[in-house]
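Worksheet: the structure to be examined is printed underneath.
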2 protein chains.
Amino acid sequence: MSATYTIGLDYGTNSVRALIVNTANGREVGTAVWEYEHGTQGVILSRDPNLARQHPADYLKGAEITIRRALSEAKRNLRGFKPDQVVGIGVDTTGSTPLPVDAEGQPLAFQKKFAKNLAAMAWLWKDHTSVAEAEQITALAREIRPHYLAKCGGTYSSEWFFSKILHCLRTAPEVFEAAYTWVELADYVPAALTGTEHPDRLTVGICAAGHKAMYNEAWGGYPDAEFLGRLDPALAELRHRLRSKAYTIDRAVGTLTQAWAKRTGLRAGIPVAVGAFDAHLGAVGSGIKPGTLVKIIGTSTCDMMVAPLDQPLADIPGLCGIVPGSILPGYYGLEAGQSAVGDIFNWFVNYLQPGGSKLGSHEALTRDAARLKPGESGLLALDWNNGNRTILVDQRLTGLLLGQTLYTTPAEIYRALIEATAYGALAIINRFEEYGVKVEQIINCGGIAEKNPLVMQIYADVTGRPMKISRSAQTCALGAAMAGAVVAGVHKDYASAQKAMTGLKPRVFRPNPAAHEVYQKLYPLYRTLHDAFGTREWSGNLYHVMKTLLEIRNRARGVTG
Amino acid sequence: MSATYTIGLDYGTNSVRALIVNTANGREVGTAVWEYEHGTQGVILSRDPNLARQHPADYLKGAEITIRRALSEAKRNLRGFKPDQVVGIGVDTTGSTPLPVDAEGQPLAFQKKFAKNLAAMAWLWKDHTSVAEAEQITALAREIRPHYLAKCGGTYSSEWFFSKILHCLRTAPEVFEAAYTWVELADYVPAALTGTEHPDRLTVGICAAGHKAMYNEAWGGYPDAEFLGRLDPALAELRHRLRSKAYTIDRAVGTLTQAWAKRTGLRAGIPVAVGAFDAHLGAVGSGIKPGTLVKIIGTSTCDMMVAPLDQPLADIPGLCGIVPGSILPGYYGLEAGQSAVGDIFNWFVNYLQPGGSKLGSHEALTRDAARLKPGESGLLALDWNNGNRTILVDQRLTGLLLGQTLYTTPAEIYRALIEATAYGALAIINRFEEYGVKVEQIINCGGIAEKNPLVMQIYADVTGRPMKISRSAQTCALGAAMAGAVVAGVHKDYASAQKAMTGLKPRVFRPNPAAHEVYQKLYPLYRTLHDAFGTREWSGNLYHVMKTLLEIRNRARGVTG
């Protein structure tokens, strides 16, 4: 029997990637990336700095080009490889990235009339035009549907589905009127590949619906008509044109059409899985299972766990999302995250530009920071330059740096910022465990996990836990390819797919006991500042913070004073 | 009647300056600076980074050279000027800078035997070798003589007279043994010029004795023999060889000797005033009087006021010193200060080197910071990179910066650091007034006051008070020259000398009401952090700090969010 392969299609913010994976062992045999051709690096901007849109044409053209190229690469890499050996497709995308479609499910942006109308494009996840609408939705839910908020971190975001649609209704009514319904990008691409775009045939994934549109089977799907009607009667009407049920990623939305087979070189009729968000399929591609925390660490982090649906689970306060089936079928998907990690390091390097340009690169700062002992700088930082997503769920928080003297160096600050993100990571781990979700192992992936051993070592030293790294550098696309393998029936379920297709890198970052001992003294100080500035309830004394830091510093330096 | 002049001799850390001043109008007609020739920039260093000494020969050679050169300059500048028109001399120096002398009052360093012995040199004010001894003195005073500490900020410093002598006793007993007694630099120079070095003839100034050696007439002069004996019996013996009375700067220690007249070109027999510290004579040269706060702003600040001796005055907690007669005869000298001001800006520019070398100079940062509106950065800092001298009197405090986002710029931080020092300045003003010492006007001098209008404007805006600048750029030397004029009898007292010889620059920095209004909202936030991290007593909530800053920021930027 010849090997079988599946394709993961991974739609990022600036580009789309196709990855061809061997379903028996996870070997990645071909890949291609294509940068979206509309806008600036794939994002359509305007004078409003909050606006971020994408042209849906890029999604389709991107699928065609990357699949073709990835197949070519696989043929070059692997003697005898045939596109017919590709037996399934999975799709992951950014989100919430909804787009308005017509009665046939075709993007309004494809109509000549709307070809240049920004409201008719896809509203990219990081579009922040809908702040007022998000506040209104949050306020209304707090008043009459508090349980809606309990599953999404207590605040409905301006980045999410209904905020964007409501904003469109108010600011571009001609687009809202012309739209029959709205579709998440994660649902649109699988539908397009399988010819199931028609709103009556469309398959909606639980991941986007559950995390961004307050969908929950327990309360009958999307928010009820009364709730939506209170926001705007037109939203209540729209609800009738949304699908009533959302599905997990073990389901196929349909099979590849003849037309798409021709465009891509793949075999017609292979199944395409229900789409999901990149981070969630990244967790799948990293081997998420009960007890395993997957951290995707890049500019920000997504920290994910799963918990069996058949066991009781509390509403864990401060998590961004708790959605049945959103990551793995049969499990609650639990999503936490840090609003900024790499972004904080980038801020320091790119905005402050320390070290007189010579010593201020990430490489130089990392090298110098690695030479420092825990505690010896006397510095302590809060990782809140972009607010705190978990566990405080508060965007209106800012950064803090404490302990500077007249001799504090850029490398010391850089290390303090890394440590601050590690403390933030530990606060999330502790929150999971406080509510009975035991963290037995931690698997990291994403740019920073891949590229910065110092960050990983500090995370191990701060948390006192080994930091493992996912084997694949493309866990999102790999997870999507695994979805293709499951819906193709190559693997009977995700446990089987994970066993065969995922793995870890050989290098594990293990905690250094001496360093961990120091960090066990520093973390309570971080937590003191965290609670002091981040919670209304805190009422304690901070007098000891600077003193204790100096004591820890002096011990680390072996001096008195 | 031809004009009369006096000379101020100003002994700084790296150099000595002579300034010739017209006693009728304060015109500065000649000046010269000479850099000490021993050590590194005048400071003798060793492998111990805490050690800082000076060679006493530099003091004498410096007097000769600078007086000669200043006289030459005056002759060039002023047709018909004659050295005989110089009728008096005053001296200001760094301190506490004690030096061991023999039974004739000659520095031990002048003996061949001790010529290279660092302990036989002058122990420069910033010598920090005596930390352990300072702690011992503080602990003992706290136990048995708490009133000693009440007048010097609650802590006896490692920089001060008895700490250094005790350290010499312990680490260089051969020097301690050989020394008949110890003399402050401020007393040594006037004694040398007048031939009154002999320990039985030496005149001691109240300024150094009162601020650095716990001298107070109220308790019989220097600390009592029992107290000193508990530190070491040899110190109790030394007390017998210290002078029993200290004098204010309206007294002459003697008249210029023939030998010094020959060396300098001055007339023999002109009076030399009791010496004092540079900052205190700087306050005199800036026109200090009741109700006037003089701020000398450089790397750190010295903030000085005077209060009538014949009116009751509380022990103002947190002040560094409260000494009768130490600044002006007939008044309490009140000394406060900030441990770092210019040093914090220098740290940011020289250690962090922000802005990729192009935008990171003081000039560029000042230019960009000046364009910012109060509050618009959302930042708040504590000015504690070098501890807090007043009002917390705690070296074991460190810096803090709060409010960073992912877009915070170096200029925003630079401005926040300036503002932090302004809040620190306001805390000192408020402390004076809380204890009944009304601040009616503020006169600034020193490098930063002279050179940085942005700092002065921010100080005005933060405090809501006009910032005036002393007319002379050499207020310390001017104050010394005024002492010369008073002891010469040209002016009957300091009020008369000040009226004639001091003045203000025309430019006054007046508070901008709109800016002050914003700072009135920001200062309470600073004070919240100040009390939270700086006092044991504080127990409040900090939750509002970041939120309020964001609100103030948004108002300043005219945005919501």
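As shown in the structure tokens, the chain order sets the letters A, B, ...; within each chain, residues go from 1, and ligands are also counted from 1 in the order they appear.
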List as CSV every residue of chain A that is in contact with chain B, defined as an atom at most 7 Å from one of its atoms (using only C-alpha atoms), together with the nearest atom pair and the distance in Å rounded to one decimal, sorted by chain and then rising number.
residue,atom,partner,partner_atom,distance
A:Asp343,CA,B:Leu406,CA,7.0
A:Ile344,CA,B:Leu406,CA,6.4
A:Trp347,CA,B:Leu406,CA,5.4
A:Tyr351,CA,B:Thr409,CA,5.7
A:Leu352,CA,B:Pro354,CA,5.3
A:Gln353,CA,B:Gly356,CA,4.8
A:Pro354,CA,B:Pro354,CA,4.1
A:Gly355,CA,B:Gln353,CA,4.9
A:Gly356,CA,B:Ser357,CA,4.4
A:Ser357,CA,B:Gly356,CA,4.4
A:Asn385,CA,B:Thr405,CA,4.0
A:Asn386,CA,B:Thr405,CA,5.8
A:Arg396,CA,B:Lys547,CA,6.4
A:Leu397,CA,B:Met546,CA,6.0
A:Thr398,CA,B:Gly403,CA,4.7
A:Gly399,CA,B:Gln404,CA,4.5
A:Leu400,CA,B:Leu402,CA,4.2
A:Leu401,CA,B:Leu401,CA,5.1
A:Leu402,CA,B:Leu400,CA,4.2
A:Gly403,CA,B:Thr398,CA,4.7
A:Gln404,CA,B:Gly399,CA,4.5
A:Thr405,CA,B:Asn385,CA,4.0
A:Leu406,CA,B:Trp347,CA,5.4
A:Tyr407,CA,B:Tyr351,CA,6.7
A:Thr408,CA,B:Tyr351,CA,6.9
A:Thr409,CA,B:Tyr351,CA,5.8
A:Pro410,CA,B:Leu352,CA,5.4
A:Ala532,CA,B:Leu542,CA,5.5
A:Phe533,CA,B:Tyr543,CA,4.5
A:Gly534,CA,B:Tyr543,CA,5.8
A:Thr535,CA,B:Tyr543,CA,5.8
A:Arg536,CA,B:Tyr543,CA,5.5
A:Trp538,CA,B:Asn541,CA,6.4
A:Ser539,CA,B:Asn541,CA,5.3
A:Gly540,CA,B:Ser539,CA,5.7
A:Asn541,CA,B:Ser539,CA,5.3
A:Leu542,CA,B:Phe533,CA,5.1
A:Tyr543,CA,B:Phe533,CA,4.5
A:Met546,CA,B:Leu397,CA,6.0
A:Lys547,CA,B:Arg396,CA,6.4
Val175 in chain A surroundings by only C-alpha atoms, 9 Å radius, close-in-sequence under 2 positions cut, as number ranges by chain: A: 100, 108, 114, 117, 119-120, 168-169, 172-173, 177-179
Who sits within 9 Å of Glu104 in chain B, only C-alpha atoms, same chain under 5 positions skipped, as a list in words: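 Counting only C-alpha atoms, the residues come to Tyr180, Glu197, His198, Pro199 and Asp200 of chain B.
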Excluding range 451-459 of chain A and its own-chain neighbours fewer than 6 positions away, which residues fall within 7 Å of it when counting only C-alpha atoms? Please give them as a PDB file with all heavy atoms, in the first residue's frame.
ATOM      1  N   ALA A 370      21.515  36.460  28.634  1.00  0.00           N
ATOM      2  CA  ALA A 370      21.762  35.063  29.018  1.00  0.00           C
ATOM      3  C   ALA A 370      22.881  34.975  30.051  1.00  0.00           C
ATOM      4  O   ALA A 370      22.959  34.013  30.808  1.00  0.00           O
ATOM      5  CB  ALA A 370      22.116  34.235  27.787  1.00  0.00           C
ATOM      6  N   ILE A 418      11.484  39.415  29.495  1.00  0.00           N
ATOM      7  CA  ILE A 418      11.279  37.974  29.247  1.00  0.00           C
ATOM      8  C   ILE A 418      10.720  37.319  30.510  1.00  0.00           C
ATOM      9  O   ILE A 418       9.754  36.548  30.460  1.00  0.00           O
ATOM     10  CB  ILE A 418      12.595  37.284  28.835  1.00  0.00           C
ATOM     11  CG1 ILE A 418      13.080  37.812  27.482  1.00  0.00           C
ATOM     12  CG2 ILE A 418      12.420  35.769  28.789  1.00  0.00           C
ATOM     13  CD1 ILE A 418      14.469  37.293  27.076  1.00  0.00           C
ATOM     14  N   GLU A 419      11.339  37.627  31.636  1.00  0.00           N
ATOM     15  CA  GLU A 419      10.884  37.033  32.901  1.00  0.00           C
ATOM     16  C   GLU A 419       9.427  37.403  33.188  1.00  0.00           C
ATOM     17  O   GLU A 419       8.648  36.579  33.663  1.00  0.00           O
ATOM     18  CB  GLU A 419      11.797  37.483  34.049  1.00  0.00           C
ATOM     19  CG  GLU A 419      13.189  36.868  33.963  1.00  0.00           C
ATOM     20  CD  GLU A 419      14.206  37.511  34.905  1.00  0.00           C
ATOM     21  OE1 GLU A 419      13.945  38.628  35.409  1.00  0.00           O
ATOM     22  OE2 GLU A 419      15.273  36.912  35.118  1.00  0.00           O
ATOM     23  N   ALA A 422       7.250  35.231  31.413  1.00  0.00           N
ATOM     24  CA  ALA A 422       7.264  33.900  32.039  1.00  0.00           C
ATOM     25  C   ALA A 422       6.359  33.870  33.277  1.00  0.00           C
ATOM     26  O   ALA A 422       5.639  32.898  33.510  1.00  0.00           O
ATOM     27  CB  ALA A 422       8.694  33.505  32.415  1.00  0.00           C
ATOM     28  N   MET A 467      10.081  22.502  29.487  1.00  0.00           N
ATOM     29  CA  MET A 467       9.460  23.099  28.314  1.00  0.00           C
ATOM     30  C   MET A 467       9.829  22.237  27.106  1.00  0.00           C
ATOM     31  O   MET A 467      11.001  22.115  26.745  1.00  0.00           O
ATOM     32  CB  MET A 467       9.964  24.533  28.103  1.00  0.00           C
ATOM     33  CG  MET A 467       9.478  25.512  29.158  1.00  0.00           C
ATOM     34  SD  MET A 467       7.701  25.837  29.040  1.00  0.00           S
ATOM     35  CE  MET A 467       7.296  26.010  30.792  1.00  0.00           C
ATOM     36  N   PHE A 509      13.815  21.802  27.476  1.00  0.00           N
ATOM     37  CA  PHE A 509      14.402  22.773  28.403  1.00  0.00           C
ATOM     38  C   PHE A 509      13.953  22.414  29.811  1.00  0.00           C
ATOM     39  O   PHE A 509      12.770  22.516  30.137  1.00  0.00           O
ATOM     40  CB  PHE A 509      13.974  24.188  28.030  1.00  0.00           C
ATOM     41  CG  PHE A 509      14.509  24.608  26.693  1.00  0.00           C
ATOM     42  CD1 PHE A 509      13.828  24.278  25.530  1.00  0.00           C
ATOM     43  CD2 PHE A 509      15.718  25.275  26.592  1.00  0.00           C
ATOM     44  CE1 PHE A 509      14.336  24.626  24.289  1.00  0.00           C
ATOM     45  CE2 PHE A 509      16.230  25.635  25.356  1.00  0.00           C
ATOM     46  CZ  PHE A 509      15.539  25.309  24.198  1.00  0.00           C
TER      47      PHE A 509
END
Residue set, range 6-213 of chain A restricted to strand (DSSP E), as a VMD selection string: chain A and resid 6 to 11 15 to 22 28 to 35 53 to 54 86 to 93 98 to 101 122 to 123 181 to 184 204 to 205
Members of range 61-304 of chain A assigned alpha helix (DSSP H) by DSSP, as JSON, numbers by chain: {"A": [61, 62, 63, 64, 65, 66, 67, 68, 69, 70, 71, 72, 73, 74, 75, 76, 77, 131, 132, 133, 134, 135, 136, 137, 138, 139, 140, 141, 142, 143, 144, 146, 147, 148, 149, 150, 161, 162, 163, 164, 165, 166, 167, 168, 169, 170, 171, 173, 174, 175, 176, 177, 178, 185, 186, 187, 188, 189, 190, 191, 192, 193, 194, 206, 207, 208, 209, 210, 211, 212, 225, 226, 227, 228, 229, 230, 231, 233, 234, 235, 236, 237, 238, 239, 240, 258, 259, 260, 261, 262, 263, 264, 278, 279, 280, 281, 282, 283, 284, 285]}
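One finds CA of Arg471 in chain A at 28.5 Å from CA of Ala514 in chain A.
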Atomic distance CA of Ala208 in chain A - CA of Arg27 in chain A, expressed in Å with one decimal: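 That distance, rounded to one decimal, is 28.4 Å.
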Hey, which bits of range 462-528 of chain A sit within 7 Å of range 248-260 of chain A, and for each residue what's the closest pair of atoms and how far apart in Å (one decimal), counting only C-alpha atoms, rows by chain and increasing number, as JSON lines?
{"residue": "A:Ala483", "atom": "CA", "partner": "A:Ile249", "partner_atom": "CA", "distance": 6.4}
{"residue": "A:Val486", "atom": "CA", "partner": "A:Asp250", "partner_atom": "CA", "distance": 6.2}
{"residue": "A:Val487", "atom": "CA", "partner": "A:Ala252", "partner_atom": "CA", "distance": 5.6}
Among the residues A:Ser339, A:Ser157, A:Asn444, A:Ser96, the one that comes closest to Ile137 in chain A [using only C-alpha atoms]: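 Going through A:Ser339, A:Ser157, A:Asn444, A:Ser96 one by one, the smallest distance to Ile137 in chain A is for A:Ser157.
Between CA of Thr155 in chain B and CA of Leu228 in chain B the interatomic distance comes to 16.3 Å.
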Close residues, range 222-226 of chain A itself excluded, 10 Å, only C-alpha atoms, min 4 positions apart in chain, as a PyMOL selection string: chain A and resi 141+145+148+162+209-210+213-217+230-240+242-246
Residue contacts of Tyr188 in chain B (12 Å, only C-alpha atoms) excluding same-chain residues fewer than 6 positions away, as a ChimeraX atom specification: /B:11,56-57,59-60,91-95,97-101,105-107,122,181-182,194-199,201-205,208,253,272-276
